[in-house]
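Source file: upload-v9.cif. Holds: mmCIF, C-alpha atoms and all ligand atoms.
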```cif
data_coords
loop_
_atom_site.group_PDB
_atom_site.id
_atom_site.type_symbol
_atom_site.label_atom_id
_atom_site.label_comp_id
_atom_site.auth_asym_id
_atom_site.auth_seq_id
_atom_site.Cartn_x
_atom_site.Cartn_y
_atom_site.Cartn_z
ATOM 1 C CA MET A 1 0.000 0.000 0.000
ATOM 2 C CA ILE A 2 1.260 3.434 -0.947
ATOM 3 C CA ILE A 3 0.897 6.335 1.460
ATOM 4 C CA LEU A 4 0.847 9.837 -0.027
ATOM 5 C CA TYR A 5 1.909 12.653 2.290
ATOM 6 C CA ARG A 6 0.503 15.917 1.028
ATOM 7 C CA PHE A 7 -0.697 19.381 1.917
ATOM 8 C CA LEU A 8 -4.370 20.065 1.334
ATOM 9 C CA HIS A 9 -3.509 22.709 -1.250
ATOM 10 C CA CYS A 10 -0.516 21.681 -3.330
ATOM 11 C CA SER A 11 -0.399 21.384 -7.099
ATOM 12 C CA TYR A 12 2.622 19.043 -7.035
ATOM 13 C CA CYS A 13 0.610 16.763 -4.757
ATOM 14 C CA ASP A 14 -2.440 17.000 -7.028
ATOM 15 C CA TYR A 15 -0.242 15.971 -9.938
ATOM 16 C CA VAL A 16 0.903 12.799 -8.141
ATOM 17 C CA GLN A 17 -2.544 11.975 -6.771
ATOM 18 C CA GLU A 18 -4.188 12.445 -10.173
ATOM 19 C CA PHE A 19 -1.561 10.182 -11.753
ATOM 20 C CA MET A 20 -2.385 7.441 -9.236
ATOM 21 C CA ASP A 21 -6.129 7.892 -9.787
ATOM 22 C CA GLU A 22 -5.756 7.751 -13.556
ATOM 23 C CA HIS A 23 -3.756 4.536 -13.292
ATOM 24 C CA ALA A 24 -5.939 2.932 -10.612
ATOM 25 C CA ILE A 25 -3.083 2.777 -8.127
ATOM 26 C CA ILE A 26 -4.409 2.258 -4.610
ATOM 27 C CA TYR A 27 -3.130 4.649 -1.928
ATOM 28 C CA GLU A 28 -3.924 6.315 1.367
ATOM 29 C CA VAL A 29 -3.517 10.029 1.975
ATOM 30 C CA VAL A 30 -1.887 11.560 5.043
ATOM 31 C CA LEU A 31 -2.680 15.258 5.189
ATOM 32 C CA VAL A 32 0.351 17.154 6.428
ATOM 33 C CA LEU A 33 0.310 20.487 8.239
ATOM 34 C CA LYS A 34 3.144 22.891 7.406
ATOM 35 C CA ASP A 35 4.166 23.288 11.045
ATOM 36 C CA LYS A 36 3.721 19.615 11.970
ATOM 37 C CA LYS A 37 5.544 17.661 9.299
ATOM 38 C CA PRO A 38 5.993 13.960 10.027
ATOM 39 C CA GLN A 39 9.411 12.319 10.031
ATOM 40 C CA GLU A 40 8.735 10.860 6.572
ATOM 41 C CA VAL A 41 8.565 14.397 5.152
ATOM 42 C CA LEU A 42 11.334 15.928 7.262
ATOM 43 C CA SER A 43 13.780 13.129 6.452
ATOM 44 C CA THR A 44 13.324 13.489 2.688
ATOM 45 C CA GLY A 45 13.920 17.237 2.512
ATOM 46 C CA GLY A 46 10.804 18.784 4.016
ATOM 47 C CA THR A 47 8.681 19.179 0.900
ATOM 48 C CA VAL A 48 5.550 17.355 -0.170
ATOM 49 C CA PRO A 49 4.516 15.281 -1.994
ATOM 50 C CA VAL A 50 6.264 12.261 -0.482
ATOM 51 C CA ILE A 51 5.178 8.690 -0.947
ATOM 52 C CA LYS A 52 5.953 5.676 1.200
ATOM 53 C CA ASP A 53 5.785 2.348 -0.589
ATOM 54 C CA ASN A 54 6.513 -0.697 1.578
ATOM 55 C CA GLY A 55 8.789 1.421 3.756
ATOM 56 C CA LYS A 56 10.582 3.119 0.861
ATOM 57 C CA LEU A 57 10.318 6.925 0.884
ATOM 58 C CA ILE A 58 10.371 8.960 -2.319
ATOM 59 C CA SER A 59 10.015 12.729 -2.565
ATOM 60 C CA ASP A 60 9.731 15.135 -5.499
ATOM 61 C CA SER A 61 6.746 14.793 -7.809
ATOM 62 C CA SER A 62 8.815 13.996 -10.913
ATOM 63 C CA LYS A 63 10.765 11.276 -9.119
ATOM 64 C CA ILE A 64 7.567 9.886 -7.640
ATOM 65 C CA ILE A 65 5.898 9.683 -11.052
ATOM 66 C CA ALA A 66 8.986 8.001 -12.537
ATOM 67 C CA TYR A 67 9.004 5.516 -9.650
ATOM 68 C CA LEU A 68 5.299 4.779 -10.066
ATOM 69 C CA ARG A 69 5.721 4.317 -13.815
ATOM 70 C CA SER A 70 8.502 1.792 -13.241
ATOM 71 C CA ASN A 71 6.959 -0.079 -10.342
ATOM 72 C CA HIS A 72 3.196 0.267 -10.310
ATOM 73 C CA LEU A 73 1.811 0.280 -13.808
ATOM 74 C CA ALA A 74 0.201 -2.849 -15.194
ATOM 75 C CA LYS A 75 2.602 -4.463 -17.603
ATOM 76 C CA PRO A 76 1.325 -5.850 -20.900
ATOM 77 C CA ALA A 77 1.189 -9.670 -20.874
HETATM 78 N N1 LIG B 101 10.251 19.870 -6.675
HETATM 79 C C1 LIG B 101 9.283 19.496 -5.676
HETATM 80 C C2 LIG B 101 8.610 20.738 -5.146
HETATM 81 C C3 LIG B 101 7.604 20.430 -4.070
HETATM 82 C C4 LIG B 101 7.210 21.662 -3.288
HETATM 83 O O1 LIG B 101 7.796 22.740 -3.425
HETATM 84 N N2 LIG B 101 6.204 21.498 -2.429
HETATM 85 C C5 LIG B 101 5.790 22.549 -1.552
HETATM 86 C C6 LIG B 101 4.276 22.541 -1.385
HETATM 87 S S1 LIG B 101 3.407 22.752 -2.909
HETATM 88 C C7 LIG B 101 6.392 22.316 -0.177
HETATM 89 O O2 LIG B 101 6.364 21.208 0.324
HETATM 90 N N3 LIG B 101 6.960 23.372 0.439
HETATM 91 C C8 LIG B 101 7.539 23.257 1.752
HETATM 92 C C9 LIG B 101 6.802 24.055 2.768
HETATM 93 O O3 LIG B 101 5.913 24.840 2.380
HETATM 94 O O4 LIG B 101 7.106 23.871 3.950
HETATM 95 C C10 LIG B 101 8.286 18.514 -6.273
HETATM 96 O O5 LIG B 101 8.100 18.525 -7.509
HETATM 97 O O6 LIG B 101 7.709 17.705 -5.533
#
```
Turn this file's structure into structure tokens for me.
Ligand SMILES: N[C@@H](CCC(=O)N[C@@H](CS)C(=O)NCC(=O)O)C(=O)O
Amino acid sequence: MIILYRFLHCSYCDYVQEFMDEHAIIYEVVLVLKDKKPQEVLSTGGTVPVIKDNGKLISDSSKIIAYLRSNHLAKPA
């Protein structure tokens, strides 16, 4: 299960979330407050979006999309 750490208003986060919706990738959202960032966000540079996938943390929307493309898209048979 993927966890998406995001601010409520954040276009980079929207970009990642919309990509997962479009590709039917299942995820949970953790809404992050600017002054109460969890360790997952602080340890990856302090910006959102961040995803956690089976313990692996990835930040930066472009890197997240590249990771999702490589690891979470249905592959043709
Ligand atoms: N290059 C990053 C930029 C992400 C970014 O700047 N996110 C903003 C929110 S939209 C952020 O987390 N800023 C830190 C803060 O406001 O504390 C990405 O594409 O994910």
Residue among A:Lys37, A:Asn54, A:Ser43, A:His72 lying closest to Ala24 of chain A, counting all atoms listed in the file: A:His72
Tell me, as a short mmCIF file (atom, residue, chain, number, x, y, z; two decimals) with C-alpha atoms, in the coordinates of the input, which residues lie within 12 Å of Phe7 of chain A, counting only C-alpha atoms; anything in the same chain fewer than 2 positions away does not count.
```cif
data_model
loop_
_atom_site.label_atom_id
_atom_site.label_comp_id
_atom_site.auth_asym_id
_atom_site.auth_seq_id
_atom_site.Cartn_x
_atom_site.Cartn_y
_atom_site.Cartn_z
CA LEU A 4 0.85 9.84 -0.03
CA TYR A 5 1.91 12.65 2.29
CA HIS A 9 -3.51 22.71 -1.25
CA CYS A 10 -0.52 21.68 -3.33
CA SER A 11 -0.40 21.38 -7.10
CA TYR A 12 2.62 19.04 -7.04
CA CYS A 13 0.61 16.76 -4.76
CA ASP A 14 -2.44 17.00 -7.03
CA GLN A 17 -2.54 11.98 -6.77
CA VAL A 29 -3.52 10.03 1.98
CA VAL A 30 -1.89 11.56 5.04
CA LEU A 31 -2.68 15.26 5.19
CA VAL A 32 0.35 17.15 6.43
CA LEU A 33 0.31 20.49 8.24
CA LYS A 34 3.14 22.89 7.41
CA ASP A 35 4.17 23.29 11.04
CA LYS A 36 3.72 19.61 11.97
CA LYS A 37 5.54 17.66 9.30
CA PRO A 38 5.99 13.96 10.03
CA VAL A 41 8.56 14.40 5.15
CA GLY A 46 10.80 18.78 4.02
CA THR A 47 8.68 19.18 0.90
CA VAL A 48 5.55 17.36 -0.17
CA PRO A 49 4.52 15.28 -1.99
CA VAL A 50 6.26 12.26 -0.48
#
```
Answer as a ChimeraX atom specification, residues within 8 Å of (-4.4, 3.8, -1.9) using only C-alpha atoms: /A:1-3,25-29
Determine the axis-aligned bounding box of all atoms of segment 12-17 of chain A present in the file, pad each side by 3 Å, and express its centre and edge lengths in Å to one decimal place as AutoDock Vina command-line options.
```
--center_x 0.0 --center_y 15.5 --center_z -7.3 --size_x 11.2 --size_y 13.1 --size_z 11.2
```
Using only C-alpha atoms, list the residues that have an atom at most 6 Å from (9.5, 6.0, -6.7), coordinates as in the file, as a short mmCIF file (atom, residue, chain, number, x, y, z; two decimals) with C-alpha atoms, in the frame of the given file.
```cif
data_model
loop_
_atom_site.label_atom_id
_atom_site.label_comp_id
_atom_site.auth_asym_id
_atom_site.auth_seq_id
_atom_site.Cartn_x
_atom_site.Cartn_y
_atom_site.Cartn_z
CA ILE A 58 10.37 8.96 -2.32
CA LYS A 63 10.76 11.28 -9.12
CA ILE A 64 7.57 9.89 -7.64
CA TYR A 67 9.00 5.52 -9.65
CA LEU A 68 5.30 4.78 -10.07
#
```
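Rounded to one decimal, atom CA of Pro76 of chain A and atom O6 of ligand LIG 101 (chain B) lie 28.8 Å from each other.
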Pick from A:Gly45, A:Ala77, A:Ser61, A:Asp21, whichever lies nearest to ligand LIG 101 (chain B) using all atoms listed in the file: A:Ser61
Computed interatomic separation between atom C5 of ligand LIG 101 (chain B) and atom CA of Ile51 of chain A (Å): 13.9 Å
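Proximity ranking of A:Glu18, A:Leu42, A:Ser59, A:Lys52 relative to ligand LIG 101 (chain B) places A:Ser59 first, based on only C-alpha atoms and all ligand atoms.
In this comparison, which uses only C-alpha atoms, the residue of A:His23, A:Glu40, A:Asp60, A:Arg6 approaching Lys75 of chain A most closely is A:His23.
Take atom C2 of ligand LIG 101 (chain B) and atom CA of Leu73 of chain A: the distance between them is 23.2 Å.
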Which residue of A:Ile65, A:Asp53, A:Gln39, A:Thr44 approaches Met20 of chain A most closely, using only C-alpha atoms: A:Ile65
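With all atoms listed in the file as the atoms that count, the minimum distance from ligand LIG 101 (chain B) to the choices A:Ser62, A:Arg69, A:Ala74, A:Leu8 is reached by A:Ser62.
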When you get a chance, write out N, CA and C atoms for segment 17-39 of chain A, as a JSON list (two decimals), in the frame of the given file.
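Final output, saved to out16.json:
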```json
[["chain", "number", "residue", "atom", "x", "y", "z"],
["A", 17, "GLN", "N", -1.30, 12.66, -7.13],
["A", 17, "GLN", "CA", -2.54, 11.98, -6.77],
["A", 17, "GLN", "C", -3.38, 11.69, -8.02],
["A", 18, "GLU", "N", -3.43, 12.65, -8.93],
["A", 18, "GLU", "CA", -4.19, 12.44, -10.17],
["A", 18, "GLU", "C", -3.56, 11.32, -11.02],
["A", 19, "PHE", "N", -2.23, 11.27, -11.02],
["A", 19, "PHE", "CA", -1.56, 10.18, -11.75],
["A", 19, "PHE", "C", -1.98, 8.83, -11.18],
["A", 20, "MET", "N", -2.01, 8.72, -9.86],
["A", 20, "MET", "CA", -2.38, 7.44, -9.24],
["A", 20, "MET", "C", -3.85, 7.12, -9.51],
["A", 21, "ASP", "N", -4.71, 8.12, -9.48],
["A", 21, "ASP", "CA", -6.13, 7.89, -9.79],
["A", 21, "ASP", "C", -6.30, 7.41, -11.23],
["A", 22, "GLU", "N", -5.63, 8.10, -12.13],
["A", 22, "GLU", "CA", -5.76, 7.75, -13.56],
["A", 22, "GLU", "C", -5.28, 6.33, -13.84],
["A", 23, "HIS", "N", -4.31, 5.87, -13.05],
["A", 23, "HIS", "CA", -3.76, 4.54, -13.29],
["A", 23, "HIS", "C", -4.25, 3.51, -12.28],
["A", 24, "ALA", "N", -5.30, 3.86, -11.56],
["A", 24, "ALA", "CA", -5.94, 2.93, -10.61],
["A", 24, "ALA", "C", -4.94, 2.34, -9.62],
["A", 25, "ILE", "N", -4.03, 3.19, -9.17],
["A", 25, "ILE", "CA", -3.08, 2.78, -8.13],
["A", 25, "ILE", "C", -3.73, 3.10, -6.77],
["A", 26, "ILE", "N", -3.75, 2.10, -5.90],
["A", 26, "ILE", "CA", -4.41, 2.26, -4.61],
["A", 26, "ILE", "C", -3.46, 2.96, -3.63],
["A", 27, "TYR", "N", -3.98, 3.92, -2.87],
["A", 27, "TYR", "CA", -3.13, 4.65, -1.93],
["A", 27, "TYR", "C", -3.98, 5.18, -0.77],
["A", 28, "GLU", "N", -3.29, 5.58, 0.27],
["A", 28, "GLU", "CA", -3.92, 6.32, 1.37],
["A", 28, "GLU", "C", -3.28, 7.69, 1.42],
["A", 29, "VAL", "N", -4.05, 8.68, 1.86],
["A", 29, "VAL", "CA", -3.52, 10.03, 1.98],
["A", 29, "VAL", "C", -3.28, 10.37, 3.45],
["A", 30, "VAL", "N", -2.13, 10.94, 3.74],
["A", 30, "VAL", "CA", -1.89, 11.56, 5.04],
["A", 30, "VAL", "C", -1.78, 13.06, 4.79],
["A", 31, "LEU", "N", -2.72, 13.80, 5.35],
["A", 31, "LEU", "CA", -2.68, 15.26, 5.19],
["A", 31, "LEU", "C", -1.67, 15.83, 6.17],
["A", 32, "VAL", "N", -0.75, 16.61, 5.63],
["A", 32, "VAL", "CA", 0.35, 17.15, 6.43],
["A", 32, "VAL", "C", 0.12, 18.64, 6.67],
["A", 33, "LEU", "N", 0.36, 19.06, 7.91],
["A", 33, "LEU", "CA", 0.31, 20.49, 8.24],
["A", 33, "LEU", "C", 1.73, 21.04, 8.16],
["A", 34, "LYS", "N", 1.83, 22.26, 7.62],
["A", 34, "LYS", "CA", 3.14, 22.89, 7.41],
["A", 34, "LYS", "C", 4.01, 22.92, 8.67],
["A", 35, "ASP", "N", 3.39, 23.15, 9.81],
["A", 35, "ASP", "CA", 4.17, 23.29, 11.04],
["A", 35, "ASP", "C", 4.18, 22.00, 11.86],
["A", 36, "LYS", "N", 3.72, 20.91, 11.26],
["A", 36, "LYS", "CA", 3.72, 19.61, 11.97],
["A", 36, "LYS", "C", 4.05, 18.51, 10.98],
["A", 37, "LYS", "N", 5.20, 18.65, 10.32],
["A", 37, "LYS", "CA", 5.54, 17.66, 9.30],
["A", 37, "LYS", "C", 6.00, 16.37, 9.96],
["A", 38, "PRO", "N", 5.54, 15.23, 9.47],
["A", 38, "PRO", "CA", 5.99, 13.96, 10.03],
["A", 38, "PRO", "C", 7.42, 13.65, 9.60],
["A", 39, "GLN", "N", 8.02, 12.70, 10.29],
["A", 39, "GLN", "CA", 9.41, 12.32, 10.03],
["A", 39, "GLN", "C", 9.62, 11.94, 8.57]]
```
